[in-house]
Amino acid sequence: MTTITLVQGDITRQSVDAVVNAANSSLLGGGGVDGAIHRRGGPAILADCRKLRAGHYGKGLPTGRAVATTAGDLDAQWVIHTVGPRYAREDDRSELLVSCYRESLRVADELGARTVAFPAVSAGIYGWPMDDAARIAVETVRAAETDVEEVRFVLFDEPAYDAFAGQLG
Ligand code: AR6
């Protein structure tokens with residue numbers, strides 16, 4: 001049974017087994033949560049990402065997939081990088097966003113992670129409307145078969161927190 005909890009704050013300040021990063025396909029960093037995770041987690045995360053790019057993920061990580069690295073200096077064992085879809089009004093990409101949560105939980109299970117912090121994937125730079133992003137996130141985690149005991153959604157601001165709280169209520 002997975003418990004869903006909500007926190008308003010900075011995901012890089014969480015103590016969990018795994019922190020999920022809303023990355024891009026390059027795995028080489030960016031803005032938003034991605035920038036914050038690499039800044040606070042330090043260079044070990046980027047070093048691991050470069051190894052992934054030199055190996056199995058030469059073309060980058062496809063949208064909707066997830067892969068783990070060290071968490072560096074974060075208070076966690078792993079960062080699970082996932083690539084959300086960019087929002088497009090004329091094209092329904094929700095299955096890719098569903099896949100981000102499913103695949104991240106699958107990787108968490110492979111690692112043996114029991115507590116996992118997620119940001120609102122795709123709901124920042126990638127433009128996904130927050131209410132819909134929250135609905136997809138909560139529905140997908142609720143439906144997932146996983147050994148993860150706590151999924152903690154860490155929302156940066158009050159509107160994001162309220163959107164997720166609305167889904168749980
Ligand atoms: N802790 C928790 N949530 C945060 C934090 C933080 N420290 N910082 C931002 N958010 P985004 P995306 C929120 O843009 O939409 C990057 O450049 C933010 O307010 O980080 O999936 C990547 O490299 C928003 O609600 O991710 C990609 O190129 C949510 O996290 C691209 O952005 C997600 O916003 C991915 O865009």
# chains A, B, ... in the order shown; residues from 1 in each chain; ligands from 1
>>> closest_atom_pairs(of="chain A", to="ligand 1", cutoff="9 Å", atoms="only C-alpha atoms and all ligand atoms", output="JSON lines")
{"residue": "A:Gln8", "atom": "CA", "partner": "ligand 1", "partner_atom_place_in_ligand_line": "2 (C)", "distance": 8.0}
{"residue": "A:Gly9", "atom": "CA", "partner": "ligand 1", "partner_atom_place_in_ligand_line": "2 (C)", "distance": 6.0}
{"residue": "A:Asp10", "atom": "CA", "partner": "ligand 1", "partner_atom_place_in_ligand_line": "1 (N)", "distance": 3.6}
{"residue": "A:Ile11", "atom": "CA", "partner": "ligand 1", "partner_atom_place_in_ligand_line": "1 (N)", "distance": 3.9}
{"residue": "A:Thr12", "atom": "CA", "partner": "ligand 1", "partner_atom_place_in_ligand_line": "7 (N)", "distance": 5.8}
{"residue": "A:Arg13", "atom": "CA", "partner": "ligand 1", "partner_atom_place_in_ligand_line": "1 (N)", "distance": 8.2}
{"residue": "A:Asn21", "atom": "CA", "partner": "ligand 1", "partner_atom_place_in_ligand_line": "20 (O)", "distance": 7.9}
{"residue": "A:Ala22", "atom": "CA", "partner": "ligand 1", "partner_atom_place_in_ligand_line": "21 (O)", "distance": 4.5}
{"residue": "A:Ala23", "atom": "CA", "partner": "ligand 1", "partner_atom_place_in_ligand_line": "22 (C)", "distance": 4.4}
{"residue": "A:Asn24", "atom": "CA", "partner": "ligand 1", "partner_atom_place_in_ligand_line": "27 (C)", "distance": 4.3}
{"residue": "A:Ser25", "atom": "CA", "partner": "ligand 1", "partner_atom_place_in_ligand_line": "28 (O)", "distance": 7.9}
{"residue": "A:Ser26", "atom": "CA", "partner": "ligand 1", "partner_atom_place_in_ligand_line": "23 (O)", "distance": 8.1}
{"residue": "A:Leu27", "atom": "CA", "partner": "ligand 1", "partner_atom_place_in_ligand_line": "23 (O)", "distance": 7.5}
{"residue": "A:Leu28", "atom": "CA", "partner": "ligand 1", "partner_atom_place_in_ligand_line": "23 (O)", "distance": 7.7}
{"residue": "A:Gly29", "atom": "CA", "partner": "ligand 1", "partner_atom_place_in_ligand_line": "23 (O)", "distance": 5.2}
{"residue": "A:Gly30", "atom": "CA", "partner": "ligand 1", "partner_atom_place_in_ligand_line": "23 (O)", "distance": 3.5}
{"residue": "A:Gly31", "atom": "CA", "partner": "ligand 1", "partner_atom_place_in_ligand_line": "17 (O)", "distance": 3.5}
{"residue": "A:Gly32", "atom": "CA", "partner": "ligand 1", "partner_atom_place_in_ligand_line": "20 (O)", "distance": 3.3}
{"residue": "A:Val33", "atom": "CA", "partner": "ligand 1", "partner_atom_place_in_ligand_line": "20 (O)", "distance": 3.8}
{"residue": "A:Asp34", "atom": "CA", "partner": "ligand 1", "partner_atom_place_in_ligand_line": "23 (O)", "distance": 5.2}
{"residue": "A:Gly35", "atom": "CA", "partner": "ligand 1", "partner_atom_place_in_ligand_line": "17 (O)", "distance": 6.8}
{"residue": "A:Ala36", "atom": "CA", "partner": "ligand 1", "partner_atom_place_in_ligand_line": "7 (N)", "distance": 5.2}
{"residue": "A:Ile37", "atom": "CA", "partner": "ligand 1", "partner_atom_place_in_ligand_line": "7 (N)", "distance": 7.0}
{"residue": "A:Thr82", "atom": "CA", "partner": "ligand 1", "partner_atom_place_in_ligand_line": "21 (O)", "distance": 8.6}
{"residue": "A:Val83", "atom": "CA", "partner": "ligand 1", "partner_atom_place_in_ligand_line": "21 (O)", "distance": 6.9}
{"residue": "A:Gly84", "atom": "CA", "partner": "ligand 1", "partner_atom_place_in_ligand_line": "21 (O)", "distance": 5.2}
{"residue": "A:Pro85", "atom": "CA", "partner": "ligand 1", "partner_atom_place_in_ligand_line": "21 (O)", "distance": 7.3}
{"residue": "A:Arg86", "atom": "CA", "partner": "ligand 1", "partner_atom_place_in_ligand_line": "15 (O)", "distance": 7.4}
{"residue": "A:Tyr87", "atom": "CA", "partner": "ligand 1", "partner_atom_place_in_ligand_line": "15 (O)", "distance": 8.7}
{"residue": "A:Phe118", "atom": "CA", "partner": "ligand 1", "partner_atom_place_in_ligand_line": "2 (C)", "distance": 8.1}
{"residue": "A:Pro119", "atom": "CA", "partner": "ligand 1", "partner_atom_place_in_ligand_line": "3 (N)", "distance": 5.1}
{"residue": "A:Ala120", "atom": "CA", "partner": "ligand 1", "partner_atom_place_in_ligand_line": "29 (C)", "distance": 4.5}
{"residue": "A:Val121", "atom": "CA", "partner": "ligand 1", "partner_atom_place_in_ligand_line": "21 (O)", "distance": 4.4}
{"residue": "A:Ser122", "atom": "CA", "partner": "ligand 1", "partner_atom_place_in_ligand_line": "21 (O)", "distance": 3.1}
{"residue": "A:Ala123", "atom": "CA", "partner": "ligand 1", "partner_atom_place_in_ligand_line": "15 (O)", "distance": 4.3}
{"residue": "A:Gly124", "atom": "CA", "partner": "ligand 1", "partner_atom_place_in_ligand_line": "34 (O)", "distance": 3.2}
{"residue": "A:Ile125", "atom": "CA", "partner": "ligand 1", "partner_atom_place_in_ligand_line": "14 (O)", "distance": 3.7}
{"residue": "A:Tyr126", "atom": "CA", "partner": "ligand 1", "partner_atom_place_in_ligand_line": "15 (O)", "distance": 3.8}
{"residue": "A:Gly127", "atom": "CA", "partner": "ligand 1", "partner_atom_place_in_ligand_line": "15 (O)", "distance": 5.9}
{"residue": "A:Trp128", "atom": "CA", "partner": "ligand 1", "partner_atom_place_in_ligand_line": "15 (O)", "distance": 6.9}
{"residue": "A:Met130", "atom": "CA", "partner": "ligand 1", "partner_atom_place_in_ligand_line": "25 (O)", "distance": 7.4}
{"residue": "A:Phe153", "atom": "CA", "partner": "ligand 1", "partner_atom_place_in_ligand_line": "2 (C)", "distance": 8.6}
{"residue": "A:Val154", "atom": "CA", "partner": "ligand 1", "partner_atom_place_in_ligand_line": "2 (C)", "distance": 5.5}
{"residue": "A:Leu155", "atom": "CA", "partner": "ligand 1", "partner_atom_place_in_ligand_line": "3 (N)", "distance": 5.1}
{"residue": "A:Phe156", "atom": "CA", "partner": "ligand 1", "partner_atom_place_in_ligand_line": "3 (N)", "distance": 4.2}
{"residue": "A:Asp157", "atom": "CA", "partner": "ligand 1", "partner_atom_place_in_ligand_line": "19 (O)", "distance": 6.8}
{"residue": "A:Ala160", "atom": "CA", "partner": "ligand 1", "partner_atom_place_in_ligand_line": "25 (O)", "distance": 6.3}
>>> residues_around(residues="Arg106 (chain A)", least_positions_apart="5", cutoff="9 Å", atoms="only C-alpha atoms", output="list in words")
Ala66, Tyr101, Leu111, Glu145 and Thr146 of chain A
>>> residues_around(residues="Ala108 (chain A)", least_positions_apart="6", cutoff="10 Å", atoms="only C-alpha atoms", output="NGL selection string")
:A and (17-20 or 66-68 or 78-80 or 102 or 114-116 or 146-148)
>>> write_last_selection(atoms="all heavy atoms", output="tab-separated table (two decimals), in the first residue's frame")
chain	number	residue	atom	x	y	z
A	17	ASP	N	14.57	8.05	-0.04
A	17	ASP	CA	15.48	7.13	-0.72
A	17	ASP	C	15.81	7.65	-2.12
A	17	ASP	O	16.95	7.59	-2.56
A	17	ASP	CB	14.84	5.74	-0.82
A	17	ASP	CG	14.67	5.09	0.54
A	17	ASP	OD1	15.45	5.41	1.46
A	17	ASP	OD2	13.75	4.25	0.68
A	18	ALA	N	14.79	8.12	-2.82
A	18	ALA	CA	15.02	8.57	-4.20
A	18	ALA	C	14.26	9.87	-4.47
A	18	ALA	O	13.11	10.03	-4.06
A	18	ALA	CB	14.56	7.51	-5.19
A	19	VAL	N	14.96	10.77	-5.15
A	19	VAL	CA	14.38	12.04	-5.61
A	19	VAL	C	14.20	11.93	-7.12
A	19	VAL	O	15.15	11.59	-7.83
A	19	VAL	CB	15.32	13.22	-5.28
A	19	VAL	CG1	14.84	14.50	-5.95
A	19	VAL	CG2	15.45	13.41	-3.78
A	20	VAL	N	13.01	12.23	-7.60
A	20	VAL	CA	12.78	12.20	-9.05
A	20	VAL	C	13.08	13.58	-9.63
A	20	VAL	O	12.67	14.60	-9.09
A	20	VAL	CB	11.35	11.75	-9.38
A	20	VAL	CG1	11.09	11.83	-10.89
A	20	VAL	CG2	11.11	10.32	-8.87
A	66	ALA	N	12.68	6.53	-17.53
A	66	ALA	CA	13.33	6.94	-16.29
A	66	ALA	C	14.61	6.14	-16.10
A	66	ALA	O	14.69	4.97	-16.49
A	66	ALA	CB	12.40	6.71	-15.10
A	67	VAL	N	15.59	6.77	-15.49
A	67	VAL	CA	16.87	6.11	-15.22
A	67	VAL	C	17.47	6.72	-13.95
A	67	VAL	O	17.24	7.89	-13.66
A	67	VAL	CB	17.82	6.27	-16.44
A	67	VAL	CG1	18.27	7.70	-16.63
A	67	VAL	CG2	19.03	5.35	-16.32
A	68	ALA	N	18.22	5.89	-13.20
A	68	ALA	CA	18.73	6.35	-11.90
A	68	ALA	C	20.21	6.67	-11.96
A	68	ALA	O	20.97	6.08	-12.73
A	68	ALA	CB	18.49	5.28	-10.85
A	78	TRP	N	19.44	7.96	-4.38
A	78	TRP	CA	19.40	8.00	-5.84
A	78	TRP	C	18.61	9.20	-6.33
A	78	TRP	O	17.67	9.65	-5.67
A	78	TRP	CB	18.70	6.75	-6.40
A	78	TRP	CG	19.31	5.46	-5.98
A	78	TRP	CD1	20.44	4.88	-6.50
A	78	TRP	CD2	18.84	4.57	-4.95
A	78	TRP	NE1	20.68	3.69	-5.86
A	78	TRP	CE2	19.72	3.47	-4.91
A	78	TRP	CE3	17.75	4.59	-4.07
A	78	TRP	CZ2	19.56	2.41	-4.02
A	78	TRP	CZ3	17.59	3.54	-3.18
A	78	TRP	CH2	18.49	2.47	-3.16
A	79	VAL	N	18.99	9.66	-7.52
A	79	VAL	CA	18.10	10.53	-8.29
A	79	VAL	C	17.58	9.69	-9.45
A	79	VAL	O	18.36	9.00	-10.12
A	79	VAL	CB	18.84	11.78	-8.82
A	79	VAL	CG1	17.97	12.54	-9.82
A	79	VAL	CG2	19.24	12.70	-7.67
A	80	ILE	N	16.28	9.70	-9.62
A	80	ILE	CA	15.66	9.03	-10.76
A	80	ILE	C	15.28	10.12	-11.76
A	80	ILE	O	14.43	10.97	-11.47
A	80	ILE	CB	14.43	8.21	-10.33
A	80	ILE	CG1	14.85	7.11	-9.35
A	80	ILE	CG2	13.74	7.62	-11.56
A	80	ILE	CD1	13.69	6.34	-8.73
A	102	ARG	N	4.95	5.98	-13.91
A	102	ARG	CA	5.05	4.51	-13.87
A	102	ARG	C	6.49	4.03	-13.94
A	102	ARG	O	6.92	3.18	-13.18
A	102	ARG	CB	4.32	3.92	-15.08
A	102	ARG	CG	2.88	3.70	-14.82
A	102	ARG	CD	2.36	2.67	-15.84
A	102	ARG	NE	0.93	2.85	-15.97
A	102	ARG	CZ	0.30	3.07	-17.11
A	102	ARG	NH1	0.96	3.10	-18.26
A	102	ARG	NH2	-1.00	3.23	-17.12
A	114	ARG	N	12.06	2.89	-1.01
A	114	ARG	CA	10.75	2.81	-0.34
A	114	ARG	C	10.08	4.17	-0.19
A	114	ARG	O	8.88	4.26	0.00
A	114	ARG	CB	10.89	2.15	1.04
A	114	ARG	CG	11.32	0.69	0.95
A	114	ARG	CD	10.19	-0.19	0.39
A	114	ARG	NE	10.61	-1.57	0.24
A	114	ARG	CZ	11.01	-2.13	-0.91
A	114	ARG	NH1	11.04	-1.41	-2.02
A	114	ARG	NH2	11.39	-3.38	-0.95
A	115	THR	N	10.89	5.23	-0.20
A	115	THR	CA	10.33	6.59	-0.13
A	115	THR	C	10.84	7.37	-1.35
A	115	THR	O	12.05	7.40	-1.60
A	115	THR	CB	10.75	7.32	1.16
A	115	THR	OG1	12.17	7.26	1.28
A	115	THR	CG2	10.12	6.66	2.38
A	116	VAL	N	9.91	7.95	-2.08
A	116	VAL	CA	10.27	8.61	-3.34
A	116	VAL	C	9.59	9.98	-3.40
A	116	VAL	O	8.38	10.08	-3.21
A	116	VAL	CB	9.82	7.76	-4.55
A	116	VAL	CG1	10.19	8.46	-5.86
A	116	VAL	CG2	10.46	6.36	-4.50
A	146	THR	N	3.34	-1.14	-6.87
A	146	THR	CA	4.72	-0.82	-6.51
A	146	THR	C	4.96	-1.16	-5.04
A	146	THR	O	4.02	-1.15	-4.25
A	146	THR	CB	5.01	0.68	-6.75
A	146	THR	OG1	6.30	1.01	-6.22
A	146	THR	CG2	3.97	1.58	-6.10
A	147	ASP	N	6.22	-1.41	-4.72
A	147	ASP	CA	6.59	-1.63	-3.31
A	147	ASP	C	6.97	-0.34	-2.61
A	147	ASP	O	7.32	-0.34	-1.43
A	147	ASP	CB	7.77	-2.61	-3.23
A	147	ASP	CG	7.38	-4.00	-3.71
A	147	ASP	OD1	6.21	-4.38	-3.52
A	147	ASP	OD2	8.24	-4.69	-4.29
A	148	VAL	N	6.92	0.77	-3.34
A	148	VAL	CA	7.22	2.06	-2.72
A	148	VAL	C	6.17	2.34	-1.65
A	148	VAL	O	4.97	2.22	-1.90
A	148	VAL	CB	7.26	3.19	-3.78
A	148	VAL	CG1	7.35	4.56	-3.13
A	148	VAL	CG2	8.44	2.97	-4.73
>>> residues_around(residues="Arg50 (chain A)", least_positions_apart="5", cutoff="12 Å", atoms="only C-alpha atoms", output="PyMOL selection string")
chain A and resi 26-29+43-45+55-61+69
>>> write_last_selection(atoms="all heavy atoms", output="mmCIF file, in the first residue's frame")
data_model
loop_
_atom_site.group_PDB
_atom_site.id
_atom_site.type_symbol
_atom_site.label_atom_id
_atom_site.label_comp_id
_atom_site.auth_asym_id
_atom_site.auth_seq_id
_atom_site.Cartn_x
_atom_site.Cartn_y
_atom_site.Cartn_z
ATOM 1 N N SER A 26 18.649 15.092 -22.789
ATOM 2 C CA SER A 26 20.116 15.141 -22.816
ATOM 3 C C SER A 26 20.714 14.582 -21.527
ATOM 4 O O SER A 26 21.859 14.144 -21.514
ATOM 5 C CB SER A 26 20.609 16.578 -23.019
ATOM 6 O OG SER A 26 20.597 17.292 -21.796
ATOM 7 N N LEU A 27 19.961 14.635 -20.435
ATOM 8 C CA LEU A 27 20.418 14.249 -19.093
ATOM 9 C C LEU A 27 21.573 15.126 -18.600
ATOM 10 O O LEU A 27 22.213 14.803 -17.598
ATOM 11 C CB LEU A 27 20.860 12.780 -19.052
ATOM 12 C CG LEU A 27 19.778 11.709 -19.190
ATOM 13 C CD1 LEU A 27 20.420 10.321 -19.246
ATOM 14 C CD2 LEU A 27 18.785 11.772 -18.032
ATOM 15 N N LEU A 28 21.838 16.208 -19.288
ATOM 16 C CA LEU A 28 23.027 16.991 -18.931
ATOM 17 C C LEU A 28 22.685 18.283 -18.188
ATOM 18 O O LEU A 28 23.505 19.191 -18.099
ATOM 19 C CB LEU A 28 23.860 17.267 -20.190
ATOM 20 C CG LEU A 28 24.350 15.990 -20.888
ATOM 21 C CD1 LEU A 28 25.151 16.304 -22.145
ATOM 22 C CD2 LEU A 28 25.179 15.108 -19.948
ATOM 23 N N GLY A 29 21.491 18.344 -17.644
ATOM 24 C CA GLY A 29 21.122 19.491 -16.818
ATOM 25 C C GLY A 29 20.222 20.466 -17.539
ATOM 26 O O GLY A 29 19.947 20.318 -18.733
ATOM 27 N N PRO A 43 28.589 17.680 -8.453
ATOM 28 C CA PRO A 43 29.042 17.172 -9.753
ATOM 29 C C PRO A 43 28.931 15.660 -9.940
ATOM 30 O O PRO A 43 29.008 15.179 -11.075
ATOM 31 C CB PRO A 43 30.511 17.619 -9.824
ATOM 32 C CG PRO A 43 30.907 17.924 -8.430
ATOM 33 C CD PRO A 43 29.674 18.319 -7.684
ATOM 34 N N ALA A 44 28.753 14.901 -8.858
ATOM 35 C CA ALA A 44 28.685 13.436 -8.996
ATOM 36 C C ALA A 44 27.475 13.022 -9.840
ATOM 37 O O ALA A 44 27.526 12.027 -10.570
ATOM 38 C CB ALA A 44 28.617 12.790 -7.616
ATOM 39 N N ILE A 45 26.401 13.798 -9.762
ATOM 40 C CA ILE A 45 25.193 13.447 -10.529
ATOM 41 C C ILE A 45 25.469 13.629 -12.021
ATOM 42 O O ILE A 45 25.185 12.731 -12.828
ATOM 43 C CB ILE A 45 23.985 14.309 -10.087
ATOM 44 C CG1 ILE A 45 23.687 14.081 -8.595
ATOM 45 C CG2 ILE A 45 22.757 13.982 -10.939
ATOM 46 C CD1 ILE A 45 22.579 14.963 -8.030
ATOM 47 N N GLY A 55 27.165 5.436 -22.583
ATOM 48 C CA GLY A 55 26.834 4.017 -22.664
ATOM 49 C C GLY A 55 25.494 3.785 -23.325
ATOM 50 O O GLY A 55 25.276 4.125 -24.485
ATOM 51 N N HIS A 56 24.571 3.250 -22.517
ATOM 52 C CA HIS A 56 23.280 2.787 -23.017
ATOM 53 C C HIS A 56 22.403 3.899 -23.604
ATOM 54 O O HIS A 56 21.550 3.646 -24.437
ATOM 55 C CB HIS A 56 22.559 2.127 -21.845
ATOM 56 C CG HIS A 56 21.483 1.196 -22.260
ATOM 57 N ND1 HIS A 56 21.746 0.053 -22.956
ATOM 58 C CD2 HIS A 56 20.147 1.253 -22.103
ATOM 59 C CE1 HIS A 56 20.605 -0.571 -23.205
ATOM 60 N NE2 HIS A 56 19.616 0.144 -22.697
ATOM 61 N N TYR A 57 22.613 5.117 -23.151
ATOM 62 C CA TYR A 57 21.729 6.222 -23.549
ATOM 63 C C TYR A 57 22.459 7.234 -24.429
ATOM 64 O O TYR A 57 22.369 8.438 -24.208
ATOM 65 C CB TYR A 57 21.130 6.888 -22.306
ATOM 66 C CG TYR A 57 20.213 5.955 -21.552
ATOM 67 C CD1 TYR A 57 20.670 5.249 -20.440
ATOM 68 C CD2 TYR A 57 18.908 5.759 -21.981
ATOM 69 C CE1 TYR A 57 19.826 4.367 -19.765
ATOM 70 C CE2 TYR A 57 18.063 4.882 -21.316
ATOM 71 C CZ TYR A 57 18.529 4.190 -20.210
ATOM 72 O OH TYR A 57 17.696 3.322 -19.556
ATOM 73 N N GLY A 58 23.144 6.714 -25.420
ATOM 74 C CA GLY A 58 23.925 7.565 -26.312
ATOM 75 C C GLY A 58 23.102 8.648 -26.982
ATOM 76 O O GLY A 58 23.577 9.758 -27.216
ATOM 77 N N LYS A 59 21.840 8.331 -27.284
ATOM 78 C CA LYS A 59 20.966 9.328 -27.921
ATOM 79 C C LYS A 59 20.154 10.105 -26.902
ATOM 80 O O LYS A 59 19.248 10.861 -27.254
ATOM 81 C CB LYS A 59 20.024 8.641 -28.901
ATOM 82 C CG LYS A 59 20.749 8.090 -30.118
ATOM 83 C CD LYS A 59 19.750 7.500 -31.089
ATOM 84 C CE LYS A 59 20.466 6.930 -32.312
ATOM 85 N NZ LYS A 59 19.650 5.934 -33.007
ATOM 86 N N GLY A 60 20.407 9.847 -25.634
ATOM 87 C CA GLY A 60 19.648 10.519 -24.587
ATOM 88 C C GLY A 60 18.534 9.630 -24.071
ATOM 89 O O GLY A 60 18.310 8.527 -24.577
ATOM 90 N N LEU A 61 17.846 10.117 -23.057
ATOM 91 C CA LEU A 61 16.752 9.360 -22.442
ATOM 92 C C LEU A 61 15.438 9.758 -23.117
ATOM 93 O O LEU A 61 15.073 10.934 -23.110
ATOM 94 C CB LEU A 61 16.696 9.681 -20.943
ATOM 95 C CG LEU A 61 15.627 8.969 -20.127
ATOM 96 C CD1 LEU A 61 15.918 7.467 -20.050
ATOM 97 C CD2 LEU A 61 15.556 9.564 -18.713
ATOM 98 N N THR A 69 20.603 7.626 -11.123
ATOM 99 C CA THR A 69 22.026 7.917 -10.851
ATOM 100 C C THR A 69 22.186 8.051 -9.342
ATOM 101 O O THR A 69 21.208 8.008 -8.598
ATOM 102 C CB THR A 69 22.489 9.251 -11.480
ATOM 103 O OG1 THR A 69 21.789 10.334 -10.825
ATOM 104 C CG2 THR A 69 22.237 9.291 -12.982
#
>>> select_by_dssp(residues="chain A", states="strand (DSSP E)", output="VMD selection string")
chain A and resid 3 to 8 18 to 23 66 to 70 78 to 83 115 to 118 150 to 155
>>> write_last_selection(atoms="N, CA, C and O atoms", output="compact mmCIF listing (two decimals), in the first residue's frame")
# COMPACT_ATOMS: atom_id res chain seq x y z
N THR A 3 1.41 5.16 0.40
CA THR A 3 0.82 6.37 0.96
C THR A 3 1.30 7.58 0.15
O THR A 3 2.49 7.70 -0.13
N ILE A 4 0.37 8.43 -0.21
CA ILE A 4 0.73 9.66 -0.92
C ILE A 4 0.74 10.82 0.08
O ILE A 4 -0.23 11.01 0.81
N THR A 5 1.85 11.54 0.12
CA THR A 5 1.91 12.72 0.98
C THR A 5 2.26 13.94 0.12
O THR A 5 2.81 13.81 -0.97
N LEU A 6 1.91 15.10 0.63
CA LEU A 6 2.16 16.36 -0.07
C LEU A 6 2.99 17.28 0.80
O LEU A 6 2.72 17.40 2.01
N VAL A 7 3.96 17.93 0.20
CA VAL A 7 4.77 18.91 0.91
C VAL A 7 4.92 20.11 -0.01
O VAL A 7 5.11 19.94 -1.22
N GLN A 8 4.79 21.30 0.56
CA GLN A 8 5.13 22.48 -0.22
C GLN A 8 6.57 22.85 0.10
O GLN A 8 6.90 23.03 1.27
N ALA A 18 14.79 8.12 -2.82
CA ALA A 18 15.02 8.57 -4.20
C ALA A 18 14.26 9.87 -4.47
O ALA A 18 13.11 10.03 -4.06
N VAL A 19 14.96 10.77 -5.15
CA VAL A 19 14.38 12.04 -5.61
C VAL A 19 14.20 11.93 -7.12
O VAL A 19 15.15 11.59 -7.83
N VAL A 20 13.01 12.23 -7.60
CA VAL A 20 12.78 12.20 -9.05
C VAL A 20 13.08 13.58 -9.63
O VAL A 20 12.67 14.60 -9.09
N ASN A 21 13.81 13.57 -10.72
CA ASN A 21 14.17 14.79 -11.43
C ASN A 21 13.35 14.92 -12.71
O ASN A 21 13.27 13.97 -13.49
N ALA A 22 12.78 16.10 -12.93
CA ALA A 22 12.11 16.40 -14.21
C ALA A 22 13.19 16.88 -15.17
O ALA A 22 13.46 18.07 -15.30
N ALA A 23 13.82 15.92 -15.83
CA ALA A 23 15.00 16.20 -16.65
C ALA A 23 14.61 16.48 -18.10
O ALA A 23 13.42 16.61 -18.42
N ALA A 66 12.68 6.53 -17.53
CA ALA A 66 13.33 6.94 -16.29
C ALA A 66 14.61 6.14 -16.10
O ALA A 66 14.69 4.97 -16.49
N VAL A 67 15.59 6.77 -15.49
CA VAL A 67 16.87 6.11 -15.22
C VAL A 67 17.47 6.72 -13.95
O VAL A 67 17.24 7.89 -13.66
N ALA A 68 18.22 5.89 -13.20
CA ALA A 68 18.73 6.35 -11.90
C ALA A 68 20.21 6.67 -11.96
O ALA A 68 20.97 6.08 -12.73
N THR A 69 20.60 7.63 -11.12
CA THR A 69 22.03 7.92 -10.85
C THR A 69 22.19 8.05 -9.34
O THR A 69 21.21 8.01 -8.60
N THR A 70 23.42 8.26 -8.92
CA THR A 70 23.68 8.65 -7.55
C THR A 70 22.91 9.95 -7.25
O THR A 70 22.56 10.70 -8.16
N TRP A 78 19.44 7.96 -4.38
CA TRP A 78 19.40 8.00 -5.84
C TRP A 78 18.61 9.20 -6.33
O TRP A 78 17.67 9.65 -5.67
N VAL A 79 18.99 9.66 -7.52
CA VAL A 79 18.10 10.53 -8.29
C VAL A 79 17.58 9.69 -9.45
O VAL A 79 18.36 9.00 -10.12
N ILE A 80 16.28 9.70 -9.62
CA ILE A 80 15.66 9.03 -10.76
C ILE A 80 15.28 10.12 -11.76
O ILE A 80 14.43 10.97 -11.47
N HIS A 81 15.94 10.11 -12.90
CA HIS A 81 15.70 11.14 -13.91
C HIS A 81 14.59 10.64 -14.84
O HIS A 81 14.68 9.53 -15.36
N THR A 82 13.60 11.48 -15.04
CA THR A 82 12.57 11.14 -16.02
C THR A 82 12.35 12.35 -16.92
O THR A 82 12.61 13.49 -16.52
N VAL A 83 11.92 12.08 -18.14
CA VAL A 83 11.72 13.17 -19.10
C VAL A 83 10.24 13.30 -19.41
O VAL A 83 9.65 12.41 -20.04
N THR A 115 10.89 5.23 -0.20
CA THR A 115 10.33 6.59 -0.13
C THR A 115 10.84 7.37 -1.35
O THR A 115 12.05 7.40 -1.60
N VAL A 116 9.91 7.95 -2.08
CA VAL A 116 10.27 8.61 -3.34
C VAL A 116 9.59 9.98 -3.40
O VAL A 116 8.38 10.08 -3.21
N ALA A 117 10.40 11.00 -3.66
CA ALA A 117 9.86 12.36 -3.81
C ALA A 117 9.75 12.71 -5.29
O ALA A 117 10.71 12.52 -6.06
N PHE A 118 8.59 13.18 -5.68
CA PHE A 118 8.35 13.60 -7.07
C PHE A 118 8.06 15.11 -7.13
O PHE A 118 7.27 15.61 -6.32
N GLU A 150 6.04 5.27 0.41
CA GLU A 150 5.59 6.67 0.41
C GLU A 150 5.98 7.36 -0.89
O GLU A 150 7.15 7.37 -1.25
N VAL A 151 5.00 7.89 -1.56
CA VAL A 151 5.25 8.83 -2.66
C VAL A 151 4.95 10.22 -2.13
O VAL A 151 3.83 10.51 -1.71
N ARG A 152 5.98 11.03 -2.10
CA ARG A 152 5.83 12.40 -1.59
C ARG A 152 5.90 13.37 -2.76
O ARG A 152 6.94 13.50 -3.41
N PHE A 153 4.79 14.02 -3.04
CA PHE A 153 4.82 15.07 -4.06
C PHE A 153 5.31 16.35 -3.39
O PHE A 153 4.73 16.79 -2.39
N VAL A 154 6.36 16.91 -3.95
CA VAL A 154 6.94 18.12 -3.38
C VAL A 154 6.67 19.26 -4.35
O VAL A 154 7.20 19.30 -5.46
N LEU A 155 5.80 20.15 -3.91
CA LEU A 155 5.30 21.22 -4.79
C LEU A 155 5.92 22.53 -4.37
O LEU A 155 5.95 22.86 -3.18
>>> atom_distance(atom1="CA of Leu96 (chain A)", atom2="CA of Arg65 (chain A)")
8.4 Å
